[in-house]
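Printed here is structure26.txt (compact mmCIF, C-alpha atoms):
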```
# COMPACT_ATOMS: atom_id res chain seq x y z
CA MET A 1 0.00 0.00 0.00
CA PRO A 2 1.36 3.47 -0.87
CA PHE A 3 2.43 5.68 2.03
CA ILE A 4 4.08 9.03 2.65
CA SER A 5 7.33 9.28 4.62
CA GLN A 6 9.73 12.06 5.49
CA VAL A 7 13.32 12.01 4.29
CA ARG A 8 15.32 12.10 7.52
CA ILE A 9 18.57 14.06 7.79
CA ASP A 10 20.08 11.42 10.08
CA GLU A 11 19.62 8.87 7.30
CA THR A 12 21.20 11.26 4.79
CA ILE A 13 24.21 11.68 7.07
CA ALA A 14 24.49 7.95 7.77
CA ASN A 15 24.44 7.23 4.02
CA SER A 16 27.07 9.86 3.21
CA PRO A 17 30.54 8.62 2.20
CA THR A 18 33.00 7.58 4.90
CA VAL A 19 36.60 8.73 5.25
CA GLU A 20 38.80 6.23 3.41
CA SER A 21 42.45 5.79 2.54
CA LEU A 22 43.88 7.81 -0.34
CA ASN A 23 46.53 5.61 -1.86
CA ALA A 24 48.15 4.64 -5.14
CA GLU A 25 45.65 1.86 -5.79
CA TRP A 26 42.70 4.27 -5.49
CA LEU A 27 44.45 6.84 -7.71
CA ARG A 28 44.87 4.27 -10.45
CA SER A 29 41.23 3.22 -10.29
CA SER A 30 39.77 6.75 -9.92
CA PRO A 31 42.30 9.19 -11.40
CA PRO A 32 41.42 12.87 -10.89
CA SER A 33 41.44 15.22 -13.84
CA VAL A 34 41.69 18.41 -11.75
CA TYR A 35 43.75 18.95 -8.59
CA ILE A 36 43.02 21.89 -6.27
CA CYS A 37 44.92 22.57 -3.07
CA ALA A 38 45.70 25.33 -0.61
CA GLN A 39 49.29 26.33 0.02
CA GLY A 40 50.44 26.36 3.63
CA PHE A 41 53.50 26.14 5.83
CA GLU A 42 52.99 22.60 7.22
CA ASP A 43 55.09 19.62 6.14
CA ARG A 44 51.98 17.81 4.90
CA CYS A 45 51.15 20.55 2.37
CA PRO A 46 52.68 18.80 -0.71
CA ALA A 47 51.98 15.21 0.41
CA VAL A 48 49.03 14.54 -1.92
CA ALA A 49 50.76 16.31 -4.82
CA GLU A 50 53.83 14.11 -4.31
CA LEU A 51 51.67 10.98 -4.57
CA LEU A 52 50.07 12.30 -7.76
CA SER A 53 53.53 12.97 -9.19
CA THR A 54 54.90 9.58 -8.19
CA GLU A 55 51.95 7.82 -9.82
CA GLY A 56 52.29 9.92 -12.98
CA THR A 57 48.65 11.06 -12.80
CA ARG A 58 47.67 13.08 -15.87
CA LEU A 59 45.74 16.23 -15.03
CA LYS A 60 43.83 18.81 -17.04
CA ARG A 61 44.44 21.54 -14.48
CA VAL A 62 46.26 22.28 -11.23
CA ILE A 63 45.00 25.19 -9.12
CA ILE A 64 46.61 26.41 -5.91
CA ILE A 65 44.71 28.63 -3.51
CA GLY A 66 46.81 31.23 -1.74
CA LEU A 67 45.96 33.74 0.97
CA ARG A 68 47.19 37.31 1.34
CA SER A 69 48.58 36.39 4.76
CA ASN A 70 50.71 33.52 3.38
CA SER A 71 54.31 33.54 4.58
CA GLU A 72 57.38 32.74 2.52
CA LYS A 73 57.20 29.14 3.78
CA ASP A 74 53.61 28.84 2.49
CA GLN A 75 54.64 30.23 -0.87
CA ALA A 76 57.67 27.92 -1.03
CA ASN A 77 55.39 24.91 -0.55
CA GLY A 78 53.12 26.27 -3.29
CA ARG A 79 56.09 26.50 -5.64
CA ARG A 80 57.09 22.96 -4.67
CA ILE A 81 53.65 21.65 -5.67
CA ILE A 82 53.82 23.50 -8.99
CA GLU A 83 57.26 22.02 -9.66
CA LYS A 84 55.97 18.52 -8.87
CA LEU A 85 52.87 18.72 -11.07
CA LYS A 86 53.55 21.14 -13.93
CA SER A 87 54.76 18.34 -16.21
CA HIS A 88 51.61 16.32 -15.36
CA SER A 89 49.14 19.08 -16.24
CA GLU A 90 47.81 20.02 -19.66
CA CYS A 91 47.62 23.66 -18.54
CA GLU A 92 50.10 25.76 -16.60
CA PRO A 93 49.35 25.46 -12.85
CA MET A 94 47.51 28.54 -11.60
CA LEU A 95 47.57 30.39 -8.28
CA ILE A 96 44.36 32.16 -7.24
CA ASP A 97 43.58 34.45 -4.30
CA GLY A 98 41.48 32.63 -1.69
CA ASP A 99 40.61 35.94 -0.03
CA GLU A 100 38.79 37.28 -3.10
CA PRO A 101 35.16 38.18 -2.22
CA ASP A 102 33.73 35.94 -4.94
CA LEU A 103 35.87 32.83 -4.86
CA HIS A 104 33.27 30.84 -6.80
CA THR A 105 33.59 33.17 -9.83
CA ARG A 106 37.39 33.14 -9.63
CA MET A 107 37.42 29.36 -9.41
CA SER A 108 35.05 29.00 -12.36
CA ALA A 109 37.26 31.28 -14.43
CA ALA A 110 40.36 29.30 -13.47
CA LEU A 111 38.65 26.06 -14.53
CA GLY A 112 38.15 27.40 -18.05
CA SER A 113 35.19 28.22 -20.24
CA GLY A 114 33.38 26.76 -23.24
CA THR A 115 34.58 23.33 -24.31
CA SER A 116 37.47 23.42 -21.81
CA SER A 117 35.27 24.09 -18.76
CA LEU A 118 34.59 21.58 -16.02
CA ALA A 119 32.44 18.69 -17.26
CA GLU A 120 30.09 16.34 -15.42
CA ASP A 121 32.54 13.45 -15.65
CA ASP A 122 35.57 15.52 -14.58
CA HIS A 123 36.93 14.24 -11.29
CA VAL A 124 38.06 17.06 -8.98
CA LEU A 125 40.44 16.23 -6.13
CA LEU A 126 40.13 19.07 -3.61
CA ASP A 127 42.99 18.92 -1.09
CA ILE A 128 42.11 20.69 2.20
CA SER A 129 45.12 19.37 4.16
CA VAL A 130 46.53 22.76 5.13
CA ALA A 131 43.69 25.06 4.12
CA ALA A 132 42.57 27.70 6.60
CA ASN A 133 39.00 26.95 7.61
CA ARG A 134 37.75 29.99 5.71
CA VAL A 135 39.24 28.45 2.56
CA CYS A 136 37.81 25.00 3.38
CA LEU A 137 34.28 26.35 3.63
CA ARG A 138 34.48 28.50 0.53
CA ALA A 139 36.25 25.95 -1.69
CA ILE A 140 34.03 23.00 -0.73
CA ASP A 141 30.92 25.14 -1.23
CA SER A 142 32.25 26.31 -4.61
CA PHE A 143 32.82 22.80 -5.97
CA LEU A 144 29.54 21.49 -4.65
CA ARG A 145 27.96 24.06 -6.98
CA HIS A 146 29.80 22.57 -9.97
CA ASN A 147 28.46 19.58 -11.84
CA CYS A 148 31.50 17.35 -11.38
CA GLN A 149 32.73 14.26 -9.55
CA LEU A 150 34.21 15.50 -6.26
CA THR A 151 36.67 13.95 -3.80
CA ILE A 152 37.97 15.75 -0.71
CA ALA A 153 41.59 14.89 0.12
CA TYR A 154 43.25 15.29 3.51
CA ALA A 155 46.81 14.60 4.67
CA GLU A 156 46.97 13.83 8.38
CA ALA A 157 50.02 15.11 10.27
CA ALA A 158 52.29 12.71 12.16
CA VAL A 159 52.64 15.10 15.12
CA TYR A 160 50.32 17.87 16.26
CA HIS A 161 51.54 20.52 18.68
CA PRO A 162 51.44 20.90 21.55
CA GLU A 163 52.47 17.36 22.38
CA GLN A 164 51.12 15.96 25.63
CA ALA A 165 54.34 16.19 27.65
CA ALA A 166 54.98 19.78 26.54
CA PHE A 167 51.43 20.85 27.41
CA HIS A 168 51.41 19.30 30.87
CA ARG A 169 54.91 20.56 31.60
CA ASP A 170 53.76 24.17 31.23
CA GLU A 171 49.98 24.43 30.96
CA ALA A 172 50.07 28.11 31.90
CA ALA A 173 52.08 28.95 28.80
CA TRP A 174 49.51 27.27 26.52
CA THR A 175 46.49 28.75 28.27
CA SER A 176 47.94 32.28 28.43
CA GLU A 177 46.95 34.74 25.72
CA ASP A 178 50.37 36.40 25.98
CA ASN A 179 52.26 33.41 24.59
CA LEU A 180 52.39 32.51 20.92
CA GLY A 181 51.54 28.79 21.16
CA THR A 182 50.23 27.57 17.80
CA GLU A 183 48.86 31.02 17.03
CA LYS A 184 48.23 34.37 18.70
CA GLY A 185 45.73 37.20 18.71
CA VAL A 186 42.73 37.93 16.51
CA GLU A 187 43.22 39.89 13.31
CA ASN A 188 39.54 40.17 12.46
CA ILE A 189 36.07 38.71 12.88
CA ARG A 190 34.01 38.65 9.73
CA PRO A 191 31.11 36.72 8.24
CA CYS A 192 31.76 34.09 5.58
CA SER A 193 30.42 35.59 2.34
CA GLU A 194 28.91 32.24 1.32
CA PHE A 195 27.00 31.80 4.60
CA LEU A 196 25.75 35.19 5.75
CA GLY A 197 22.64 33.84 7.48
CA GLU A 198 19.15 35.28 7.79
CA HIS A 199 18.77 36.73 11.28
CA LEU A 200 15.79 38.46 12.92
CA GLU A 201 16.32 41.38 15.29
CA ALA A 202 13.69 40.15 17.73
CA ALA A 203 15.24 36.69 18.16
CA SER A 204 17.83 35.75 20.79
CA ASN A 205 21.39 34.88 19.78
CA VAL A 206 22.92 31.43 20.02
CA VAL A 207 26.64 30.99 19.32
CA VAL A 208 27.96 27.55 18.37
CA LEU A 209 31.74 27.18 18.57
CA LEU A 210 34.03 24.46 17.26
CA PRO A 211 37.07 25.78 19.15
CA SER A 212 40.79 25.90 18.45
CA PHE A 213 43.73 25.77 20.88
CA ARG A 214 43.42 29.54 21.49
CA HIS A 215 40.76 31.00 23.76
CA GLU A 216 40.91 34.53 22.37
CA ARG A 217 39.55 33.46 18.97
CA SER A 218 36.41 31.94 20.50
CA ALA A 219 36.01 34.83 22.94
CA ALA A 220 36.23 37.34 20.09
CA VAL A 221 33.43 35.55 18.22
CA ILE A 222 31.19 35.51 21.30
CA SER A 223 31.87 39.19 21.96
CA HIS A 224 31.14 40.08 18.33
CA VAL A 225 27.71 38.45 18.54
CA ASP A 226 26.80 39.72 22.02
CA PRO A 227 29.36 40.91 24.62
CA ALA A 228 26.91 40.00 27.39
CA LEU A 229 27.35 36.32 26.52
CA LEU A 230 30.98 36.47 27.70
CA ILE A 231 29.80 37.41 31.18
CA ASN A 232 26.70 35.24 31.30
CA PRO A 233 26.87 32.61 28.54
CA THR A 234 24.02 30.34 29.79
CA ASP A 235 22.86 27.85 27.16
CA ASN A 236 23.21 30.43 24.39
CA VAL A 237 26.90 29.58 24.03
CA ILE A 238 27.31 26.00 22.80
CA TRP A 239 30.64 24.23 22.44
CA VAL A 240 31.34 21.32 20.08
CA LEU A 241 34.57 19.83 21.41
CA GLY A 242 36.63 17.85 18.95
CA ARG A 243 37.53 14.24 19.79
CA PRO A 244 40.70 13.05 18.01
CA HIS A 245 40.33 9.70 16.26
CA LEU A 246 43.61 8.34 17.63
CA GLU A 247 43.48 7.18 21.25
CA GLN A 248 46.88 8.66 22.12
CA ASP A 249 45.56 12.12 21.21
CA LEU A 250 42.39 12.02 23.33
CA TRP A 251 44.06 14.21 25.97
CA ARG A 252 43.72 17.12 23.52
CA ARG A 253 39.94 17.15 24.03
CA ASP A 254 40.39 17.86 27.75
CA ALA A 255 43.16 20.36 27.04
CA MET A 256 40.80 22.17 24.66
CA ARG A 257 38.31 22.53 27.50
CA LYS A 258 40.98 24.06 29.77
CA ILE A 259 42.36 26.39 27.12
CA ASN A 260 38.92 27.73 26.19
CA LYS A 261 37.89 28.09 29.85
CA ILE A 262 34.84 25.89 29.36
CA THR A 263 33.15 25.35 32.73
CA ASP A 264 31.27 22.28 33.93
CA GLU A 265 28.04 24.27 33.59
CA ALA A 266 28.62 25.08 29.92
CA LYS A 267 26.56 23.41 27.21
CA VAL A 268 29.00 21.03 25.53
CA PHE A 269 28.71 18.45 22.77
CA GLU A 270 31.48 16.17 21.53
CA ALA A 271 32.22 15.08 17.97
CA SER A 272 35.06 13.51 16.05
CA THR A 273 37.65 15.82 14.52
CA PHE A 274 38.08 13.18 11.79
CA ASP A 275 34.66 11.75 10.86
CA TYR A 276 32.85 14.77 9.43
CA ARG A 277 29.52 13.00 9.78
CA GLU A 278 29.68 13.12 13.58
CA SER A 279 30.09 16.91 13.65
CA TRP A 280 27.37 17.27 11.01
CA ARG A 281 24.99 15.14 13.09
CA VAL A 282 25.68 17.19 16.25
CA LEU A 283 25.09 20.47 14.40
CA GLU A 284 21.75 19.18 13.13
CA GLN A 285 20.79 18.24 16.69
CA ILE A 286 21.70 21.70 17.98
CA TYR A 287 19.77 23.34 15.16
CA SER A 288 16.63 21.30 15.85
CA GLU A 289 16.71 22.50 19.47
CA CYS A 290 17.38 26.19 18.76
CA TRP A 291 16.14 27.33 15.36
CA GLU A 292 12.57 28.34 16.20
CA GLY A 293 13.41 31.13 18.61
CA SER A 294 17.04 32.00 17.97
CA ASN A 295 19.51 33.44 15.50
CA ILE A 296 22.27 30.86 15.16
CA THR A 297 25.88 31.91 14.60
CA LEU A 298 28.42 29.19 13.93
CA SER A 299 32.20 29.58 14.14
CA PRO A 300 34.36 26.71 12.78
CA LEU A 301 37.77 27.05 14.44
CA GLY A 302 38.47 23.31 14.72
CA SER A 303 39.68 20.66 12.29
CA LYS A 304 39.47 20.59 8.50
CA MET A 305 36.97 17.73 8.54
CA GLN A 306 34.79 19.68 10.97
CA ALA A 307 34.91 22.61 8.53
CA MET A 308 33.62 20.23 5.87
CA ALA A 309 30.74 19.28 8.19
CA VAL A 310 29.92 22.96 8.74
CA THR A 311 29.75 23.52 4.97
CA LEU A 312 27.33 20.63 4.41
CA PHE A 313 25.21 21.72 7.37
CA CYS A 314 24.99 25.32 6.17
CA ILE A 315 23.99 24.31 2.64
CA ARG A 316 20.83 22.92 4.20
CA HIS A 317 20.35 25.81 6.64
CA PRO A 318 20.90 29.19 4.91
CA ASP A 319 19.54 31.00 7.99
CA VAL A 320 22.70 30.09 9.94
CA ARG A 321 25.47 32.70 9.91
CA VAL A 322 29.12 31.63 9.85
CA LEU A 323 31.65 33.91 11.57
CA LEU A 324 35.35 33.56 10.79
CA SER A 325 37.97 34.40 13.41
CA THR A 326 41.41 34.92 11.88
CA PRO A 327 44.58 34.86 14.06
CA GLN A 328 47.03 37.74 13.94
CA GLN A 329 49.97 35.35 13.85
CA TYR A 330 50.61 31.66 13.20
CA ASN A 331 53.54 29.79 14.72
CA SER A 332 54.82 27.50 11.98
CA GLN A 333 57.24 25.87 14.45
CA GLN A 334 54.43 24.75 16.77
CA TRP A 335 51.72 23.62 14.37
CA SER A 336 52.33 20.11 13.03
CA GLU A 337 55.12 17.91 11.73
CA GLY A 338 55.38 15.18 9.15
CA VAL A 339 52.69 13.10 7.46
CA ARG A 340 50.95 10.10 9.02
CA ASP A 341 48.35 9.07 6.42
CA LEU A 342 46.46 10.34 3.39
CA TRP A 343 42.65 10.25 3.44
CA ARG A 344 39.76 10.96 1.10
CA VAL A 345 36.00 11.44 1.10
CA SER A 346 34.67 10.47 -2.33
CA LEU A 347 31.39 12.34 -2.71
CA GLY A 348 30.68 11.22 -6.27
CA SER A 349 28.47 13.56 -8.27
CA ALA A 350 28.53 16.94 -6.50
CA ARG A 351 25.08 17.80 -7.87
CA GLU A 352 23.52 14.54 -6.67
CA PHE A 353 25.18 14.84 -3.26
CA VAL A 354 23.82 18.36 -2.72
CA ASN A 355 20.38 17.31 -3.93
CA ALA A 356 20.40 14.50 -1.35
CA ILE A 357 21.18 17.06 1.39
CA LEU A 358 18.40 19.37 0.24
CA ARG A 359 15.88 16.52 0.06
CA ALA A 360 16.23 15.90 3.80
CA GLY A 361 13.07 17.04 5.56
CA THR A 362 10.87 16.69 2.48
CA LEU A 363 8.02 14.21 2.06
CA GLN A 364 8.16 11.32 -0.38
CA LEU A 365 5.58 8.86 -1.66
CA GLU A 366 6.64 5.23 -1.27
CA GLY A 367 5.14 1.85 -2.08
CA ILE A 368 4.35 2.55 -5.73
CA ASP A 369 5.93 0.58 -8.56
CA LEU A 370 6.41 2.77 -11.59
```

How does the structure come out when it is put into structure tokens?
Amino acid sequence: MPFISQVRIDETIANSPTVESLNAEWLRSSPPSVYICAQGFEDRCPAVAELLSTEGTRLKRVIIIGLRSNSEKDQANGRRIIEKLKSHSECEPMLIDGDEPDLHTRMSAALGSGTSSLAEDDHVLLDISVAANRVCLRAIDSFLRHNCQLTIAYAEAAVYHPEQAAFHRDEAAWTSEDNLGTEKGVENIRPCSEFLGEHLEAASNVVVLLPSFRHERSAAVISHVDPALLINPTDNVIWVLGRPHLEQDLWRRDAMRKINKITDEAKVFEASTFDYRESWRVLEQIYSECWEGSNITLSPLGSKMQAMAVTLFCIRHPDVRVLLSTPQQYNSQQWSEGVRDLWRVSLGSAREFVNAILRAGTLQLEGIDL
């Protein structure tokens, strides 16, 4: 008998692709035609490009996303990627400005026009290994608008700073805002141009934070939304603490709580820093509890995979505003070292994946054979 059912978001999330190994065998079976990556100062920056070069992968295009704040070390890694892949690409590798207001237009132009533009069967490998979260959000959103086959690539570092012994040896240094740590200060707070939100003046404000190892970045976001929330946060400040996927790194979750001065009374959720679906699921839960009477502001200061979750969540919820908190200074000596593993999330058809997200919450007629 025919019946009507609702497409559930939790089913959409559960059926979304898992994080899998990115290796030579997969490259040979699913070779990308376009490679996009951000340049950064970490050792893992050129790791995926080096695998592509070693395997002799033939590419139509190579695009590197730079930022105006990039240091000489970032730029050197960008040049290293170009050197590795220029002989593998049909077109000269291109560097574009990731801080441009309309990144989607810039990206489309870089991908070509007419017969040379991105096609439905083109496989884009988008490498977010060292991308600032503002680049992660904007780049993933941009390629989900293209009609292509999309895979997200991620190189995991071998060592993340601070290491446990160093943190416990001098916790005060890591929790102090006067020390550099992995980063220092707040250069600016600004909305993400792709996710500006739709807020009502009469509604209360809820701030959802996926924090970093620096308290001042989260505090600046809260103050930007409503300074009163710093003094009396109540349940209107919600923390999504990242849980590392390796057991030896679980101490970082508790350190994150200390660094961000998160009290026992605070409203806290926990989600994997690695499996983007966990963070996505938590954000959907928070939204279902808050959306009717509140303006929701979301600030993704955590991992790259969590930034991916934020992007997918916001595609479905255009009323949510994303605020970006940019550090004044990064400490390239205390960020990460080496490369542990390479990972991928193969989304398949970008258009079909987005349509599946947007179908969540709609009604469908079942039980009819056509």

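Of the listed residues A:His245, A:Arg214, A:Lys60, A:Lys73, the one whose atoms come nearest to Lys261 of chain A is A:Arg214, with distances taken using all atoms listed in the file.
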
Can you tell me which residues surround segment 297-307 of chain A at a distance of at most 9 Å, considering only C-alpha atoms, apart from same-chain residues fewer than 2 positions away, and format the answer as a PDB file with C-alpha atoms, keeping the file's coordinate frame?
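Contents of the output file result_29.pdb:
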```pdb
ATOM      1  CA  ILE A 128      42.110  20.690   2.200  1.00  0.00           C
ATOM      2  CA  SER A 129      45.120  19.370   4.160  1.00  0.00           C
ATOM      3  CA  VAL A 130      46.530  22.760   5.130  1.00  0.00           C
ATOM      4  CA  ALA A 131      43.690  25.060   4.120  1.00  0.00           C
ATOM      5  CA  ALA A 132      42.570  27.700   6.600  1.00  0.00           C
ATOM      6  CA  ASN A 133      39.000  26.950   7.610  1.00  0.00           C
ATOM      7  CA  ARG A 134      37.750  29.990   5.710  1.00  0.00           C
ATOM      8  CA  CYS A 136      37.810  25.000   3.380  1.00  0.00           C
ATOM      9  CA  LEU A 137      34.280  26.350   3.630  1.00  0.00           C
ATOM     10  CA  TYR A 154      43.250  15.290   3.510  1.00  0.00           C
ATOM     11  CA  GLY A 197      22.640  33.840   7.480  1.00  0.00           C
ATOM     12  CA  ASN A 205      21.390  34.880  19.780  1.00  0.00           C
ATOM     13  CA  VAL A 206      22.920  31.430  20.020  1.00  0.00           C
ATOM     14  CA  VAL A 207      26.640  30.990  19.320  1.00  0.00           C
ATOM     15  CA  VAL A 208      27.960  27.550  18.370  1.00  0.00           C
ATOM     16  CA  LEU A 209      31.740  27.180  18.570  1.00  0.00           C
ATOM     17  CA  LEU A 210      34.030  24.460  17.260  1.00  0.00           C
ATOM     18  CA  PRO A 211      37.070  25.780  19.150  1.00  0.00           C
ATOM     19  CA  SER A 212      40.790  25.900  18.450  1.00  0.00           C
ATOM     20  CA  PHE A 213      43.730  25.770  20.880  1.00  0.00           C
ATOM     21  CA  ARG A 217      39.550  33.460  18.970  1.00  0.00           C
ATOM     22  CA  SER A 218      36.410  31.940  20.500  1.00  0.00           C
ATOM     23  CA  VAL A 221      33.430  35.550  18.220  1.00  0.00           C
ATOM     24  CA  VAL A 225      27.710  38.450  18.540  1.00  0.00           C
ATOM     25  CA  LEU A 241      34.570  19.830  21.410  1.00  0.00           C
ATOM     26  CA  GLY A 242      36.630  17.850  18.950  1.00  0.00           C
ATOM     27  CA  ALA A 271      32.220  15.080  17.970  1.00  0.00           C
ATOM     28  CA  SER A 272      35.060  13.510  16.050  1.00  0.00           C
ATOM     29  CA  THR A 273      37.650  15.820  14.520  1.00  0.00           C
ATOM     30  CA  PHE A 274      38.080  13.180  11.790  1.00  0.00           C
ATOM     31  CA  ASP A 275      34.660  11.750  10.860  1.00  0.00           C
ATOM     32  CA  TYR A 276      32.850  14.770   9.430  1.00  0.00           C
ATOM     33  CA  ARG A 277      29.520  13.000   9.780  1.00  0.00           C
ATOM     34  CA  GLU A 278      29.680  13.120  13.580  1.00  0.00           C
ATOM     35  CA  SER A 279      30.090  16.910  13.650  1.00  0.00           C
ATOM     36  CA  TRP A 280      27.370  17.270  11.010  1.00  0.00           C
ATOM     37  CA  ASN A 295      19.510  33.440  15.500  1.00  0.00           C
ATOM     38  CA  ALA A 309      30.740  19.280   8.190  1.00  0.00           C
ATOM     39  CA  VAL A 310      29.920  22.960   8.740  1.00  0.00           C
ATOM     40  CA  THR A 311      29.750  23.520   4.970  1.00  0.00           C
ATOM     41  CA  LEU A 312      27.330  20.630   4.410  1.00  0.00           C
ATOM     42  CA  VAL A 320      22.700  30.090   9.940  1.00  0.00           C
ATOM     43  CA  ARG A 321      25.470  32.700   9.910  1.00  0.00           C
ATOM     44  CA  VAL A 322      29.120  31.630   9.850  1.00  0.00           C
ATOM     45  CA  LEU A 323      31.650  33.910  11.570  1.00  0.00           C
ATOM     46  CA  LEU A 324      35.350  33.560  10.790  1.00  0.00           C
ATOM     47  CA  SER A 325      37.970  34.400  13.410  1.00  0.00           C
TER      48      SER A 325
END
```

- Message: Applying 10 Å and all atoms listed in the file, which residues near Pro32 of chain A remain after dropping the ones on its own chain fewer than 4 positions away? List them as a PyMOL selection string.
- Response: chain A and resi 27-28+52+57-61+122-126+149-151

- Message: Please report the interatomic distance between atom CA of Leu358 of chain A and atom CA of Pro318 of chain A in Å with one decimal.
- Response: 11.2 Å

- Taken to one decimal, the atom CA of Val19 of chain A-atom CA of Gly361 of chain A distance is 25.0 Å

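Here atom CA of Asp102 of chain A and atom CA of Val62 of chain A stand 19.6 Å from one another.
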